[in-house]
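Encoded as structure tokens, the structure appears first; notes follow it.
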Amino acid sequence: MLRHFLQFKDLSRDELLYLFDRATLIKSRFKQYQPYHPLADRTLAMIFEKSSTRTRLSFEAGMHQLGGSAIYLNTRDTQLGRGEPVEDAGEVISRMVDIVMIRTFEQEIIERFAAHSRVPVINGLTNEYHPCQILADIFTFIEHRGPIQGKTVAWVGDSNNMCNTWLQAAEVLDFNVHVSTPPGYEVEPERANLFGTDHFESFVDPMDACRDADLVTTDVWTSMGWEAENDERLKDFADWQVDAEMMAVAKPGAVFMHCLPAHRGEEVTAEVIDGAQSVVWDEAENRLHVQKALMEFLLLGKVDA
């Protein structure tokens, strides 16, 4: 059966736990230089409307490491950038490759492409969601602190695509998210496409959101596409910088995450992101390993190897 990964909730709890187990095995093989090529002769098309470092590198390297090949397509250099309907692109591209990753603006674009695709489609990032990053974040938490079920994640900053995806993940994997945003930037449950509100709580004061949290995380104050608002956002978010004081009220073993790139001195202090509680480099690397597990699953289903 054809499966896509367009939102975090597209996979069930059991499937996600399977992916984390597979990522552990695949990462171990990678660290031991053991060749593993289950996707030999398979081709990944990577379509970018938004530029990226980590997304391109992790998918391209990951597909090669699994024995397949990856093709980079920028919408500026294709017919998509000249007005070809997304539906037509989905029909054509999916006849020439085995799997597609798209990094674009509106979620609607990737949904329309997937509806006309013969092969699995992965969301590499949209304005609304960033499911592959949250896969990596949760896998990183599991590596450092064990199961995330029942734990508390503090989100400090903008209610952007990362925040929306954390909220979805909390519902699927049964943990809690404490959200603190400046006034006017609050969570929109409909935009986050939540089932309910049982797994998140909003806080006016970011210190309260961080209190007793197991994980504290944030993102840049101005996401790609919102650069015109940068000066205004710098003022609005000034009190939402993750600093040592916020980390001090979290649990003693709390970890700090950031999807990168980071702006030290804005959304997070250098003391925190470069400090002992930060796991951002493991988090960045783990995009590679969870995405390999994801591509394997979407193309081969559950495997025992």
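Simple scheme: letters A, B, ... for chains in structure tokens order, numbers from 1 for residues in each chain, numbers from 1 for ligands in the order shown.
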Kindly assemble as a Markdown table a list of the region 204-295 of chain A residues that lie within 12 Å of region 157-177 of chain A, each paired with its nearest atom pair and their distance in Å to one decimal, using only C-alpha atoms, sorted first by chain and then by ascending residue number.
| residue | atom | partner | partner_atom | distance |
| --- | --- | --- | --- | --- |
| A:Val204 | CA | A:Gly157 | CA | 11.1 |
| A:Asp205 | CA | A:Gly157 | CA | 11.0 |
| A:Pro206 | CA | A:Gly157 | CA | 8.5 |
| A:Met207 | CA | A:Gly157 | CA | 11.9 |
| A:Ala209 | CA | A:Val177 | CA | 8.7 |
| A:Cys210 | CA | A:Val177 | CA | 10.0 |
| A:Arg211 | CA | A:Val177 | CA | 11.8 |
| A:Asp212 | CA | A:Asn176 | CA | 11.7 |
| A:Ala213 | CA | A:Val177 | CA | 8.9 |
| A:Asp214 | CA | A:Asn176 | CA | 10.0 |
| A:Leu215 | CA | A:Val177 | CA | 9.5 |
| A:Val216 | CA | A:Val177 | CA | 9.8 |
| A:Thr217 | CA | A:Gly157 | CA | 8.8 |
| A:Thr218 | CA | A:Gly157 | CA | 6.0 |
| A:Asp219 | CA | A:Gly157 | CA | 6.8 |
| A:Val220 | CA | A:Gly157 | CA | 8.0 |
| A:Trp221 | CA | A:Asp158 | CA | 6.2 |
| A:Thr222 | CA | A:Asp158 | CA | 8.2 |
| A:Ser223 | CA | A:Asn160 | CA | 7.8 |
| A:Met224 | CA | A:Asn160 | CA | 10.5 |
| A:Gly225 | CA | A:Asn160 | CA | 11.7 |
| A:Trp226 | CA | A:Asn160 | CA | 11.0 |
| A:Arg233 | CA | A:Asp158 | CA | 9.5 |
| A:Leu234 | CA | A:Gly157 | CA | 11.2 |
| A:Asp236 | CA | A:Gly157 | CA | 10.0 |
| A:Phe237 | CA | A:Gly157 | CA | 7.0 |
| A:Ala238 | CA | A:Gly157 | CA | 9.8 |
| A:Asp239 | CA | A:Gly157 | CA | 9.3 |
| A:Trp240 | CA | A:Gly157 | CA | 5.9 |
| A:Gln241 | CA | A:Gly157 | CA | 7.7 |
| A:Val242 | CA | A:Gly157 | CA | 8.8 |
| A:Met257 | CA | A:Met162 | CA | 11.6 |
| A:His258 | CA | A:Met162 | CA | 10.0 |
| A:Cys259 | CA | A:Met162 | CA | 8.6 |
| A:Leu260 | CA | A:Met162 | CA | 11.4 |
| A:Glu266 | CA | A:Gly157 | CA | 10.6 |
| A:Glu267 | CA | A:Gly157 | CA | 7.4 |
| A:Val268 | CA | A:Gly157 | CA | 10.1 |
Restricting it to N, CA and C atoms, dump the selection as a JSON list (two decimals), in the first residue's frame.
[["chain", "number", "residue", "atom", "x", "y", "z"],
["A", 204, "VAL", "N", 1.87, 32.03, 29.55],
["A", 204, "VAL", "CA", 2.22, 33.41, 29.23],
["A", 204, "VAL", "C", 3.71, 33.64, 29.48],
["A", 205, "ASP", "N", 4.20, 33.11, 30.60],
["A", 205, "ASP", "CA", 5.60, 33.29, 31.00],
["A", 205, "ASP", "C", 6.42, 32.08, 30.55],
["A", 206, "PRO", "N", 7.46, 32.29, 29.74],
["A", 206, "PRO", "CA", 8.27, 31.15, 29.29],
["A", 206, "PRO", "C", 8.95, 30.41, 30.43],
["A", 207, "MET", "N", 9.22, 31.08, 31.54],
["A", 207, "MET", "CA", 9.80, 30.40, 32.69],
["A", 207, "MET", "C", 8.86, 29.33, 33.21],
["A", 209, "ALA", "N", 6.66, 27.71, 31.42],
["A", 209, "ALA", "CA", 6.64, 26.63, 30.45],
["A", 209, "ALA", "C", 7.83, 25.69, 30.64],
["A", 210, "CYS", "N", 8.96, 26.24, 31.04],
["A", 210, "CYS", "CA", 10.19, 25.45, 31.19],
["A", 210, "CYS", "C", 10.26, 24.72, 32.53],
["A", 211, "ARG", "N", 9.46, 25.14, 33.49],
["A", 211, "ARG", "CA", 9.56, 24.56, 34.83],
["A", 211, "ARG", "C", 9.28, 23.05, 34.79],
["A", 212, "ASP", "N", 10.25, 22.27, 35.28],
["A", 212, "ASP", "CA", 10.15, 20.80, 35.37],
["A", 212, "ASP", "C", 10.06, 20.11, 34.01],
["A", 213, "ALA", "N", 10.48, 20.77, 32.95],
["A", 213, "ALA", "CA", 10.46, 20.15, 31.62],
["A", 213, "ALA", "C", 11.63, 19.17, 31.49],
["A", 214, "ASP", "N", 11.42, 18.15, 30.68],
["A", 214, "ASP", "CA", 12.47, 17.17, 30.39],
["A", 214, "ASP", "C", 13.30, 17.59, 29.18],
["A", 215, "LEU", "N", 12.73, 18.43, 28.35],
["A", 215, "LEU", "CA", 13.37, 18.90, 27.13],
["A", 215, "LEU", "C", 12.92, 20.34, 26.89],
["A", 216, "VAL", "N", 13.86, 21.22, 26.62],
["A", 216, "VAL", "CA", 13.56, 22.61, 26.27],
["A", 216, "VAL", "C", 14.03, 22.83, 24.84],
["A", 217, "THR", "N", 13.18, 23.39, 24.01],
["A", 217, "THR", "CA", 13.53, 23.57, 22.60],
["A", 217, "THR", "C", 12.96, 24.86, 22.05],
["A", 218, "THR", "N", 13.58, 25.35, 21.01],
["A", 218, "THR", "CA", 13.16, 26.60, 20.39],
["A", 218, "THR", "C", 13.58, 26.59, 18.92],
["A", 219, "ASP", "N", 13.33, 27.71, 18.24],
["A", 219, "ASP", "CA", 13.70, 27.86, 16.84],
["A", 219, "ASP", "C", 13.94, 29.35, 16.60],
["A", 220, "VAL", "N", 14.42, 29.67, 15.41],
["A", 220, "VAL", "CA", 14.64, 31.08, 15.08],
["A", 220, "VAL", "C", 13.34, 31.87, 15.22],
["A", 221, "TRP", "N", 13.45, 33.13, 15.52],
["A", 221, "TRP", "CA", 12.27, 33.98, 15.70],
["A", 221, "TRP", "C", 11.62, 34.34, 14.37],
["A", 222, "THR", "N", 12.41, 34.35, 13.30],
["A", 222, "THR", "CA", 11.88, 34.68, 11.98],
["A", 222, "THR", "C", 12.13, 33.52, 11.03],
["A", 223, "SER", "N", 11.10, 32.75, 10.74],
["A", 223, "SER", "CA", 11.23, 31.61, 9.85],
["A", 223, "SER", "C", 11.34, 32.07, 8.40],
["A", 224, "MET", "N", 11.83, 31.16, 7.54],
["A", 224, "MET", "CA", 11.98, 31.46, 6.12],
["A", 224, "MET", "C", 10.63, 31.87, 5.52],
["A", 225, "GLY", "N", 10.63, 33.00, 4.85],
["A", 225, "GLY", "CA", 9.40, 33.51, 4.26],
["A", 225, "GLY", "C", 8.79, 34.66, 5.03],
["A", 226, "TRP", "N", 9.29, 34.89, 6.26],
["A", 226, "TRP", "CA", 8.76, 35.96, 7.12],
["A", 226, "TRP", "C", 9.80, 37.05, 7.37],
["A", 233, "ARG", "N", 9.68, 41.27, 14.95],
["A", 233, "ARG", "CA", 9.80, 40.04, 15.73],
["A", 233, "ARG", "C", 10.93, 40.13, 16.75],
["A", 234, "LEU", "N", 12.02, 40.77, 16.41],
["A", 234, "LEU", "CA", 13.11, 40.92, 17.36],
["A", 234, "LEU", "C", 12.64, 41.62, 18.63],
["A", 236, "ASP", "N", 9.30, 41.76, 19.62],
["A", 236, "ASP", "CA", 8.23, 40.97, 20.23],
["A", 236, "ASP", "C", 8.75, 39.77, 21.00],
["A", 237, "PHE", "N", 9.86, 39.18, 20.54],
["A", 237, "PHE", "CA", 10.36, 37.94, 21.12],
["A", 237, "PHE", "C", 11.49, 38.15, 22.13],
["A", 238, "ALA", "N", 11.82, 39.39, 22.43],
["A", 238, "ALA", "CA", 12.99, 39.69, 23.27],
["A", 238, "ALA", "C", 12.99, 38.93, 24.59],
["A", 239, "ASP", "N", 11.83, 38.71, 25.18],
["A", 239, "ASP", "CA", 11.75, 38.02, 26.48],
["A", 239, "ASP", "C", 11.61, 36.51, 26.33],
["A", 240, "TRP", "N", 11.70, 36.01, 25.12],
["A", 240, "TRP", "CA", 11.54, 34.57, 24.87],
["A", 240, "TRP", "C", 12.85, 33.92, 24.43],
["A", 241, "GLN", "N", 13.94, 34.47, 24.91],
["A", 241, "GLN", "CA", 15.26, 33.89, 24.65],
["A", 241, "GLN", "C", 15.52, 32.78, 25.68],
["A", 242, "VAL", "N", 15.87, 31.58, 25.20],
["A", 242, "VAL", "CA", 16.20, 30.49, 26.11],
["A", 242, "VAL", "C", 17.60, 30.75, 26.68],
["A", 257, "MET", "N", 17.36, 21.47, 22.76],
["A", 257, "MET", "CA", 17.41, 21.18, 21.33],
["A", 257, "MET", "C", 17.09, 22.42, 20.51],
["A", 258, "HIS", "N", 17.63, 22.44, 19.31],
["A", 258, "HIS", "CA", 17.37, 23.50, 18.33],
["A", 258, "HIS", "C", 17.58, 22.86, 16.96],
["A", 259, "CYS", "N", 16.65, 23.07, 16.02],
["A", 259, "CYS", "CA", 16.76, 22.40, 14.72],
["A", 259, "CYS", "C", 17.85, 22.98, 13.83],
["A", 260, "LEU", "N", 18.36, 24.17, 14.17],
["A", 260, "LEU", "CA", 19.43, 24.83, 13.42],
["A", 260, "LEU", "C", 18.96, 25.27, 12.03],
["A", 266, "GLU", "N", 19.93, 35.63, 20.10],
["A", 266, "GLU", "CA", 18.52, 35.91, 19.83],
["A", 266, "GLU", "C", 17.66, 34.86, 20.54],
["A", 267, "GLU", "N", 17.27, 33.80, 19.85],
["A", 267, "GLU", "CA", 16.36, 32.82, 20.46],
["A", 267, "GLU", "C", 17.02, 31.98, 21.54],
["A", 268, "VAL", "N", 18.35, 31.93, 21.56],
["A", 268, "VAL", "CA", 19.07, 31.15, 22.57],
["A", 268, "VAL", "C", 20.42, 31.81, 22.83]]
Pull the alpha helix (DSSP H) assignments for region 126-246 of chain A out of DSSP run on the backbone, and list those residues as a short mmCIF file (atom, residue, chain, number, x, y, z; two decimals) with C-alpha atoms, in the first residue's frame.
data_model
loop_
_atom_site.label_atom_id
_atom_site.label_comp_id
_atom_site.auth_asym_id
_atom_site.auth_seq_id
_atom_site.Cartn_x
_atom_site.Cartn_y
_atom_site.Cartn_z
CA PRO A 131 7.88 16.08 10.55
CA CYS A 132 11.35 14.75 9.66
CA GLN A 133 12.98 17.16 12.11
CA ILE A 134 10.70 16.09 14.95
CA LEU A 135 11.46 12.44 14.11
CA ALA A 136 15.13 13.27 14.63
CA ASP A 137 14.45 15.26 17.79
CA ILE A 138 12.47 12.49 19.45
CA PHE A 139 15.00 9.86 18.38
CA THR A 140 17.72 12.04 19.95
CA PHE A 141 15.74 12.33 23.19
CA ILE A 142 15.28 8.55 23.29
CA GLU A 143 19.04 8.06 22.82
CA HIS A 144 19.86 10.40 25.71
CA ARG A 145 16.96 9.95 28.13
CA ASN A 161 5.94 24.54 11.77
CA MET A 162 8.22 23.03 14.41
CA CYS A 163 5.81 23.86 17.20
CA ASN A 164 2.86 22.49 15.22
CA THR A 165 4.68 19.22 14.64
CA TRP A 166 5.70 18.86 18.30
CA LEU A 167 2.01 19.20 19.18
CA GLN A 168 1.03 16.47 16.72
CA ALA A 169 3.81 14.22 17.99
CA ALA A 170 2.65 14.65 21.57
CA GLU A 171 -0.78 13.31 20.66
CA VAL A 172 0.58 10.30 18.77
CA LEU A 173 3.30 9.37 21.28
CA PRO A 189 -5.02 24.35 16.88
CA GLU A 190 -6.65 24.18 13.45
CA ARG A 191 -3.41 25.12 11.68
CA ALA A 192 -1.56 22.55 13.77
CA PRO A 206 8.27 31.15 29.29
CA MET A 207 9.80 30.40 32.69
CA ASP A 208 6.59 28.65 33.67
CA ALA A 209 6.64 26.63 30.45
CA CYS A 210 10.19 25.45 31.19
CA ASN A 230 12.24 40.48 11.28
CA ASP A 231 12.64 43.85 13.04
CA GLU A 232 9.19 43.62 14.61
CA ARG A 233 9.80 40.04 15.73
CA LEU A 234 13.11 40.92 17.36
CA LYS A 235 11.19 43.28 19.65
CA ASP A 236 8.23 40.97 20.23
CA ALA A 244 20.60 29.56 31.63
CA GLU A 245 17.85 30.79 33.95
CA MET A 246 15.19 28.96 31.92
#
Next on the checklist: Give me, as a PyMOL selection string, the residues of region 50-104 of chain A that a backbone DSSP run labels strand (DSSP E or B).
Outcome noted: chain A and resi 69-74+99-103
Please, could you write that set of residues out with C-alpha atoms as an mmCIF file, in the first residue's frame?
data_model
loop_
_atom_site.group_PDB
_atom_site.id
_atom_site.type_symbol
_atom_site.label_atom_id
_atom_site.label_comp_id
_atom_site.auth_asym_id
_atom_site.auth_seq_id
_atom_site.Cartn_x
_atom_site.Cartn_y
_atom_site.Cartn_z
ATOM 1 C CA SER A 69 20.805 7.487 -5.766
ATOM 2 C CA ALA A 70 19.405 10.980 -5.214
ATOM 3 C CA ILE A 71 18.551 13.685 -7.737
ATOM 4 C CA TYR A 72 18.395 17.337 -6.679
ATOM 5 C CA LEU A 73 15.712 19.488 -8.319
ATOM 6 C CA ASN A 74 15.248 23.182 -7.573
ATOM 7 C CA ILE A 99 10.394 8.113 -3.782
ATOM 8 C CA VAL A 100 10.109 11.914 -3.572
ATOM 9 C CA MET A 101 11.046 14.446 -0.901
ATOM 10 C CA ILE A 102 9.665 17.983 -1.193
ATOM 11 C CA ARG A 103 10.670 21.100 0.757
#
Checklist entry - Out of A:Ala61, A:Ala154, A:Phe203, A:Val290, which residue has the shortest atom-to-atom distance to Val255 (chain A) when counting only C-alpha atoms? => result A:Ala154
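Of note, CA of Gln79 (chain A) and CA of Gln291 (chain A) are spaced 27.3 Å apart.
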